[in-house]
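Quick look at query.cif (mmCIF, C-alpha atoms):
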```cif
data_coords
#
loop_
_atom_site.label_atom_id
_atom_site.label_comp_id
_atom_site.auth_asym_id
_atom_site.auth_seq_id
_atom_site.Cartn_x
_atom_site.Cartn_y
_atom_site.Cartn_z
CA MET G 28 0.00 0.00 0.00
CA LYS G 29 1.34 3.42 -0.95
CA THR G 30 1.45 5.83 2.00
CA VAL G 31 2.10 9.49 2.67
CA THR G 32 3.69 11.07 5.72
CA LEU G 33 1.54 13.92 7.01
CA ASN G 34 2.96 17.21 8.26
CA ASN G 35 3.15 15.92 11.84
CA GLY G 36 4.93 12.67 10.95
CA VAL G 37 1.85 10.43 11.00
CA VAL G 38 1.80 7.92 8.13
CA MET G 39 -1.49 7.63 6.20
CA PRO G 40 -2.46 5.18 3.41
CA MET G 41 -3.11 6.90 0.09
CA LEU G 42 -6.08 4.60 -0.50
CA GLY G 43 -8.91 4.09 1.96
CA PHE G 44 -12.49 2.89 2.13
CA GLY G 45 -15.23 5.52 2.41
CA VAL G 46 -18.58 4.81 4.04
CA TYR G 47 -20.57 7.89 2.97
CA GLN G 48 -24.21 6.97 2.23
CA ILE G 49 -23.78 3.40 3.48
CA GLU G 50 -26.79 2.64 5.66
CA PRO G 51 -25.95 1.97 9.33
CA GLY G 52 -27.39 -1.53 9.06
CA ALA G 53 -25.07 -2.42 6.16
CA CYS G 54 -21.97 -0.57 7.31
CA GLU G 55 -20.45 -3.27 9.50
CA ARG G 56 -20.75 -5.83 6.71
CA CYS G 57 -19.24 -3.53 4.09
CA VAL G 58 -16.33 -2.46 6.29
CA SER G 59 -15.68 -6.07 7.28
CA GLU G 60 -15.53 -7.06 3.62
CA ALA G 61 -13.20 -4.15 2.86
CA ILE G 62 -10.91 -5.16 5.72
CA GLY G 63 -10.85 -8.71 4.35
CA ILE G 64 -9.66 -7.37 0.99
CA GLY G 65 -6.86 -5.42 2.65
CA TYR G 66 -8.19 -1.92 3.33
CA ARG G 67 -6.86 -0.45 6.56
CA SER G 68 -7.88 3.19 6.14
CA ILE G 69 -11.59 3.74 6.87
CA ASP G 70 -13.27 7.13 6.45
CA THR G 71 -16.51 7.93 8.28
CA ALA G 72 -18.17 10.97 9.88
CA GLN G 73 -20.63 11.92 12.57
CA ALA G 74 -23.06 13.01 9.88
CA TYR G 75 -22.97 9.64 8.12
CA GLY G 76 -24.69 7.96 11.06
CA ASN G 77 -22.57 4.82 10.79
CA GLU G 78 -19.60 5.30 13.11
CA ALA G 79 -20.85 2.45 15.30
CA GLY G 80 -20.83 0.04 12.35
CA VAL G 81 -17.26 1.01 11.54
CA GLY G 82 -16.27 0.49 15.16
CA ARG G 83 -17.81 -2.96 15.33
CA ALA G 84 -16.18 -4.08 12.08
CA VAL G 85 -12.75 -2.91 13.20
CA ARG G 86 -13.12 -4.43 16.67
CA ARG G 87 -14.36 -7.80 15.35
CA SER G 88 -11.82 -8.03 12.52
CA GLY G 89 -9.08 -9.48 14.69
CA VAL G 90 -6.64 -7.01 13.09
CA PRO G 91 -4.66 -4.99 15.65
CA ARG G 92 -6.03 -1.45 16.07
CA ALA G 93 -2.58 -0.01 15.35
CA GLU G 94 -2.80 -1.30 11.76
CA PHE G 95 -5.89 0.82 11.04
CA PHE G 96 -6.14 4.45 10.04
CA ILE G 97 -9.59 5.68 11.10
CA THR G 98 -10.93 9.06 10.04
CA THR G 99 -14.06 10.80 11.28
CA LYS G 100 -15.42 14.34 11.09
CA VAL G 101 -17.16 16.82 13.39
CA TRP G 102 -20.53 17.87 11.96
CA ILE G 103 -21.92 21.41 11.88
CA SER G 104 -24.48 20.79 14.62
CA ASN G 105 -21.53 20.00 16.91
CA ALA G 106 -19.60 23.14 15.93
CA GLY G 107 -17.99 25.26 18.62
CA TYR G 108 -15.52 24.40 21.35
CA ARG G 109 -17.89 22.92 23.94
CA ARG G 110 -20.09 20.91 21.59
CA ALA G 111 -17.12 19.68 19.57
CA ARG G 112 -15.35 18.45 22.71
CA MET G 113 -18.34 16.37 23.71
CA SER G 114 -18.92 15.08 20.19
CA ILE G 115 -15.32 13.89 19.87
CA ASP G 116 -15.73 11.73 22.97
CA GLU G 117 -19.03 10.43 21.60
CA SER G 118 -17.38 9.51 18.30
CA LEU G 119 -14.68 7.60 20.16
CA ARG G 120 -17.37 5.72 22.07
CA ARG G 121 -19.24 4.82 18.90
CA LEU G 122 -16.04 3.77 17.16
CA GLN G 123 -15.01 1.70 20.21
CA THR G 124 -11.52 3.16 20.20
CA ASP G 125 -9.34 5.30 22.46
CA TYR G 126 -8.21 7.46 19.55
CA VAL G 127 -8.85 8.27 15.92
CA ASP G 128 -6.06 8.68 13.45
CA LEU G 129 -7.53 11.70 11.66
CA LEU G 130 -10.25 14.11 12.74
CA LEU G 131 -11.63 16.73 10.35
CA VAL G 132 -13.90 19.76 10.55
CA HIS G 133 -16.58 18.52 8.17
CA GLN G 134 -17.84 21.85 6.80
CA PRO G 135 -16.60 25.48 6.91
CA PHE G 136 -19.76 26.73 8.63
CA GLY G 137 -20.70 27.42 12.22
CA ASP G 138 -18.03 28.13 14.82
CA TYR G 139 -15.38 26.03 13.11
CA TYR G 140 -12.65 27.97 14.89
CA GLY G 141 -14.01 26.74 18.21
CA THR G 142 -14.32 23.25 16.74
CA TYR G 143 -10.70 23.36 15.63
CA ARG G 144 -9.52 24.45 19.08
CA ALA G 145 -11.31 21.45 20.59
CA MET G 146 -9.64 19.23 17.99
CA GLU G 147 -6.23 20.67 18.81
CA GLU G 148 -6.90 19.94 22.47
CA ALA G 149 -7.91 16.37 21.62
CA CYS G 150 -4.71 15.98 19.64
CA PHE G 151 -2.58 17.15 22.57
CA ALA G 152 -4.52 14.75 24.84
CA GLY G 153 -3.76 11.75 22.60
CA LYS G 154 -7.36 11.24 21.48
CA VAL G 155 -6.44 12.16 17.90
CA ARG G 156 -3.23 11.57 15.97
CA ALA G 157 -3.80 14.20 13.25
CA ILE G 158 -6.36 16.90 12.55
CA GLY G 159 -7.52 18.75 9.48
CA VAL G 160 -10.47 20.10 7.54
CA SER G 161 -12.93 19.13 4.84
CA ASN G 162 -14.57 21.26 2.15
CA PHE G 163 -12.40 24.28 2.96
CA TYR G 164 -11.85 26.43 -0.11
CA PRO G 165 -8.55 28.36 -0.38
CA ASP G 166 -9.79 31.55 1.33
CA ARG G 167 -11.02 29.88 4.51
CA PHE G 168 -8.27 27.29 4.41
CA ILE G 169 -5.56 29.98 4.40
CA ASP G 170 -7.27 31.97 7.13
CA LEU G 171 -7.59 28.98 9.47
CA SER G 172 -4.08 27.75 8.68
CA GLU G 173 -2.57 31.12 9.59
CA PHE G 174 -4.36 31.40 12.94
CA CYS G 175 -4.23 27.90 14.43
CA GLU G 176 -1.71 26.16 16.62
CA ILE G 177 -1.65 22.91 14.62
CA ARG G 178 -1.77 23.37 10.88
CA PRO G 179 -4.24 21.09 9.08
CA ALA G 180 -2.70 17.77 8.10
CA VAL G 181 -5.42 17.06 5.52
CA ASN G 182 -8.04 18.95 3.52
CA GLN G 183 -10.69 16.61 2.10
CA VAL G 184 -12.39 18.19 -0.90
CA GLU G 185 -14.34 17.18 -4.00
CA THR G 186 -11.61 15.95 -6.34
CA HIS G 187 -12.00 13.90 -9.51
CA VAL G 188 -10.94 14.05 -13.14
CA PHE G 189 -13.49 16.78 -13.92
CA ASN G 190 -12.59 18.92 -10.89
CA GLN G 191 -8.91 18.29 -10.23
CA GLN G 192 -8.25 21.03 -7.63
CA THR G 193 -4.78 21.80 -9.01
CA GLY G 194 -4.74 25.41 -7.75
CA PRO G 195 -6.02 24.59 -4.25
CA GLN G 196 -3.60 21.66 -4.07
CA ARG G 197 -0.66 24.03 -4.64
CA ILE G 198 -1.91 26.23 -1.80
CA MET G 199 -2.28 23.21 0.50
CA ARG G 200 1.31 22.24 -0.22
CA ARG G 201 2.46 25.63 1.07
CA TYR G 202 1.15 24.58 4.48
CA GLY G 203 2.25 20.97 4.25
CA THR G 204 -1.39 19.88 3.99
CA GLN G 205 -2.30 16.66 2.19
CA ILE G 206 -5.21 16.84 -0.25
CA MET G 207 -7.75 14.01 0.00
CA SER G 208 -10.51 13.34 -2.52
CA TRP G 209 -14.14 12.80 -1.79
CA GLY G 210 -16.21 11.74 -4.78
CA PRO G 211 -13.29 10.37 -6.83
CA PHE G 212 -15.76 8.90 -9.34
CA ALA G 213 -17.86 12.10 -9.44
CA GLU G 214 -20.72 9.79 -8.38
CA GLY G 215 -21.01 8.85 -12.03
CA ARG G 216 -21.85 12.36 -13.17
CA ASN G 217 -20.70 13.89 -16.45
CA GLY G 218 -20.68 10.44 -18.07
CA PHE G 219 -17.77 9.42 -15.85
CA PHE G 220 -17.96 5.65 -16.33
CA SER G 221 -18.31 5.91 -20.09
CA ASN G 222 -15.64 8.58 -20.58
CA VAL G 223 -13.77 7.81 -23.80
CA THR G 224 -10.38 9.05 -22.56
CA LEU G 225 -10.48 7.06 -19.34
CA ARG G 226 -11.71 3.96 -21.12
CA ARG G 227 -9.05 4.16 -23.84
CA ILE G 228 -6.22 4.64 -21.37
CA GLY G 229 -7.52 1.97 -19.03
CA GLU G 230 -7.73 -0.62 -21.79
CA ARG G 231 -4.04 -0.10 -22.50
CA TYR G 232 -3.23 -1.30 -18.98
CA GLY G 233 -6.03 -3.84 -18.62
CA LYS G 234 -7.76 -1.57 -16.09
CA THR G 235 -11.27 -0.18 -15.70
CA VAL G 236 -12.33 3.45 -15.92
CA ALA G 237 -12.56 3.59 -12.13
CA GLN G 238 -9.08 2.13 -11.61
CA THR G 239 -7.61 4.53 -14.18
CA ALA G 240 -9.20 7.54 -12.50
CA LEU G 241 -8.01 6.47 -9.04
CA ARG G 242 -4.50 5.83 -10.35
CA PHE G 243 -4.44 9.30 -11.91
CA LEU G 244 -5.33 10.92 -8.59
CA VAL G 245 -2.83 8.91 -6.57
CA GLN G 246 -0.05 9.71 -9.05
CA ARG G 247 -0.93 13.39 -8.57
CA GLY G 248 -0.45 12.98 -4.84
CA VAL G 249 -4.17 12.92 -4.02
CA ALA G 250 -5.32 10.48 -1.31
CA VAL G 251 -8.55 8.67 -2.24
CA ILE G 252 -11.37 7.01 -0.28
CA PRO G 253 -13.68 5.33 -2.84
CA LYS G 254 -16.90 3.80 -1.55
CA SER G 255 -18.69 0.67 -2.67
CA THR G 256 -21.15 -1.78 -1.16
CA HIS G 257 -20.09 -4.53 -3.59
CA VAL G 258 -17.10 -6.74 -2.86
CA GLU G 259 -16.01 -6.99 -6.49
CA ARG G 260 -15.88 -3.18 -6.75
CA MET G 261 -13.98 -2.95 -3.47
CA ARG G 262 -11.36 -5.33 -4.90
CA GLU G 263 -11.23 -3.39 -8.14
CA ASN G 264 -10.68 -0.08 -6.37
CA PHE G 265 -7.94 -1.65 -4.23
CA ASP G 266 -6.04 -2.97 -7.25
CA ILE G 267 -4.41 0.22 -8.53
CA PHE G 268 -0.79 -0.15 -7.45
CA ASP G 269 0.46 -2.61 -10.09
CA PHE G 270 0.60 -0.11 -12.95
CA GLU G 271 1.70 3.46 -13.60
CA LEU G 272 0.24 5.93 -16.06
CA SER G 273 2.64 7.46 -18.57
CA ALA G 274 3.28 11.20 -18.74
CA GLY G 275 1.18 11.32 -21.90
CA ASP G 276 -1.71 9.52 -20.23
CA MET G 277 -1.50 11.88 -17.26
CA ALA G 278 -1.63 14.86 -19.60
CA ASP G 279 -4.63 13.47 -21.49
CA ILE G 280 -6.58 12.96 -18.24
CA ALA G 281 -5.50 16.36 -16.93
CA ALA G 282 -7.18 17.85 -20.01
CA LEU G 283 -10.55 16.60 -18.71
CA ASP G 284 -10.47 19.15 -15.88
CA GLU G 285 -13.39 21.58 -15.99
CA GLY G 286 -12.30 23.36 -12.84
CA ARG G 287 -15.74 23.42 -11.25
CA SER G 288 -17.85 21.43 -8.84
CA LEU G 289 -20.32 18.89 -10.16
CA PHE G 290 -22.23 18.98 -6.86
CA PHE G 291 -22.41 22.35 -5.09
CA SER G 292 -20.31 25.36 -4.22
CA HIS G 293 -19.75 26.50 -0.65
CA ASN G 294 -19.59 30.02 -2.07
CA ASP G 295 -23.20 29.70 -3.26
CA PRO G 296 -25.62 31.45 -0.84
CA ALA G 297 -28.16 28.66 -1.31
CA THR G 298 -25.61 26.04 -0.23
CA ALA G 299 -24.61 28.17 2.75
CA ASP G 300 -28.25 28.66 3.76
CA TYR G 301 -28.92 24.93 3.58
CA LEU G 302 -25.86 23.77 5.52
CA ILE G 303 -26.13 26.51 8.14
CA GLY G 304 -29.81 25.61 8.57
CA VAL G 305 -28.84 22.00 9.19
CA GLY G 306 -26.26 23.13 11.72
CA LYS G 307 -28.66 25.41 13.57
CA SER G 308 -31.31 22.72 13.77
CA GLY G 309 -29.21 20.93 16.34
CA ILE G 310 -30.80 17.63 15.34
CA PRO G 311 -28.47 14.84 16.50
CA VAL G 312 -27.14 12.49 13.90
CA PRO G 313 -28.74 9.02 14.25
CA ASP G 314 -26.48 6.02 14.58
CA GLU G 315 -27.07 2.33 14.99
CA GLU G 316 -25.72 1.35 18.39
#
```
Using structure tokens, write down the structure from this file.
Amino acid sequence: MKTVTLNNGVVMPMLGFGVYQIEPGACERCVSEAIGIGYRSIDTAQAYGNEAGVGRAVRRSGVPRAEFFITTKVWISNAGYRRARMSIDESLRRLQTDYVDLLLVHQPFGDYYGTYRAMEEACFAGKVRAIGVSNFYPDRFIDLSEFCEIRPAVNQVETHVFNQQTGPQRIMRRYGTQIMSWGPFAEGRNGFFSNVTLRRIGERYGKTVAQTALRFLVQRGVAVIPKSTHVERMRENFDIFDFELSAGDMADIAALDEGRSLFFSHNDPATADYLIGVGKSGIPVPDEE
């Protein structure tokens, strides 16, 4: 497994298993199957409602906890120093672990400065090995990075062949921050799985469109956390380290970049209204215990 050393010396796999939109009742099974294939990095979040399933799968796997890299995220409704502190302990309880390897601010809304202070405190206390952010665009990322005690180790943002985040990635590198992709397959949008360029290049290596796209991101230094509920797809996504794209192939895929989100923009007032409304509702995230 290819790894990257984060800005605080913690080693993180470049490929992980994401559990976004996996129902709590199915999460333990899916994570267990992923672990059986060889995944050791698991990405979840308070908002996904399935931390408990991740925790059970890891605990019951028989694999030593030290071999895993577990990521979770503090949701908007838990923003602010006091709420974030309590939610971190709750996440640890649900995950059945004394620590998480990476903890992220999930969204750049609410009192994320207070959230980050609580995360820094958790890091100093040994409850978290590395901290970072998610969905932080360059303006807010720079601001937070300049006024925090522990600079973000990771920024998880929408990154795929149609939105490659090359400019933001350069800015992250200035702060020693590792970019991580959510939505590496663009959730199938923009004709992703039938893209002629990805298919043509993949066929040259005996690889699928998905494998080609993941390999492109990893070669660009982007960590990836593809999700699947099907074992055969999990295996496929895991099998991307036995080939390397040529410079010409990389250039051809780079040309697919449209430089825009295929989902939503955090700069859009409608997106801000929606996410802030969710945060203010204070509705706790359900989880299967």
Between atom CA of G:Glu230 and atom CA of G:Phe270, what is the distance in Å, rounded to a tenth?
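These two atoms are separated by 12.2 Å.
Picture a line from atom CA of G:Ala240 to atom CA of G:Ile280; it runs 8.3 Å.
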Might you spell out which residues the PyMOL selection byres ((chain G and resi 191) around 9) would select in the displayed file, as an mmCIF file with C-alpha atoms, keeping the file's coordinate frame?
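The new file part13.cif reads:
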```
data_model
loop_
_atom_site.group_PDB
_atom_site.id
_atom_site.type_symbol
_atom_site.label_atom_id
_atom_site.label_comp_id
_atom_site.auth_asym_id
_atom_site.auth_seq_id
_atom_site.Cartn_x
_atom_site.Cartn_y
_atom_site.Cartn_z
ATOM 1 C CA GLU G 185 -14.340 17.180 -4.000
ATOM 2 C CA THR G 186 -11.610 15.950 -6.340
ATOM 3 C CA HIS G 187 -12.000 13.900 -9.510
ATOM 4 C CA VAL G 188 -10.940 14.050 -13.140
ATOM 5 C CA PHE G 189 -13.490 16.780 -13.920
ATOM 6 C CA ASN G 190 -12.590 18.920 -10.890
ATOM 7 C CA GLN G 192 -8.250 21.030 -7.630
ATOM 8 C CA THR G 193 -4.780 21.800 -9.010
ATOM 9 C CA GLY G 194 -4.740 25.410 -7.750
ATOM 10 C CA GLN G 196 -3.600 21.660 -4.070
ATOM 11 C CA LEU G 244 -5.330 10.920 -8.590
ATOM 12 C CA ALA G 281 -5.500 16.360 -16.930
ATOM 13 C CA LEU G 283 -10.550 16.600 -18.710
ATOM 14 C CA ASP G 284 -10.470 19.150 -15.880
ATOM 15 C CA GLU G 285 -13.390 21.580 -15.990
ATOM 16 C CA GLY G 286 -12.300 23.360 -12.840
ATOM 17 C CA ARG G 287 -15.740 23.420 -11.250
#
```
Would you translate the PyMOL selection byres ((chain G and resi 195) around 12) into the concrete set of residues it matches in this file, as a PyMOL selection string?
chain G and resi 162-169+182-186+190-194+196-202+204-207+249+286
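Interatomic distance, atom CA of G:Val90 to atom CA of G:Glu271: 29.9 Å.
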Expand the PyMOL selection byres ((chain G and resi 41) around 9) into the individual residues it matches in the shown file, reporting them as a ChimeraX atom specification.
/G:28-31,39-40,42-43,68,207,245,248-252
Measuring between all atoms listed in the file, which one of G:Val38, G:Val127, G:Phe136, G:Gly52 shows the shortest distance to G:Asp300?
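The shortest atom-to-atom distance to G:Asp300 comes from G:Phe136.
Counting only C-alpha atoms, the residue from G:Arg226, G:Arg121, G:Arg87, G:Arg178 that sits nearest to G:Asp276 is G:Arg226.
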Residues near G:Leu225, anyone? I mean within 12 Å using all atoms listed in the file, not counting same-chain ones fewer than 2 positions away, as a PyMOL selection string.
chain G and resi 188-189+212+218-223+227-243+272+276-283
What box, with edges along x, y and z, holds each listed atom of stretch 246-265 of chain G when 4 Å is added on every side, and can you state its centre and edge lengths in Å to one decimal, as lines of an AutoDock Vina configuration file?
```
center_x = -10.6
center_y = 3.2
center_z = -4.7
size_x = 29.1
size_y = 28.4
size_z = 16.8
```
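Of the listed residues (G:Gln123, G:Asn105, G:Asn264, G:Asn34), G:Asn34 comes nearest to G:Arg156; the distances count only C-alpha atoms.
The closest residue to G:Arg67, picked from G:Asp128, G:Ala111, G:Ser104, G:Asn35 and counting all atoms listed in the file, is G:Asp128.
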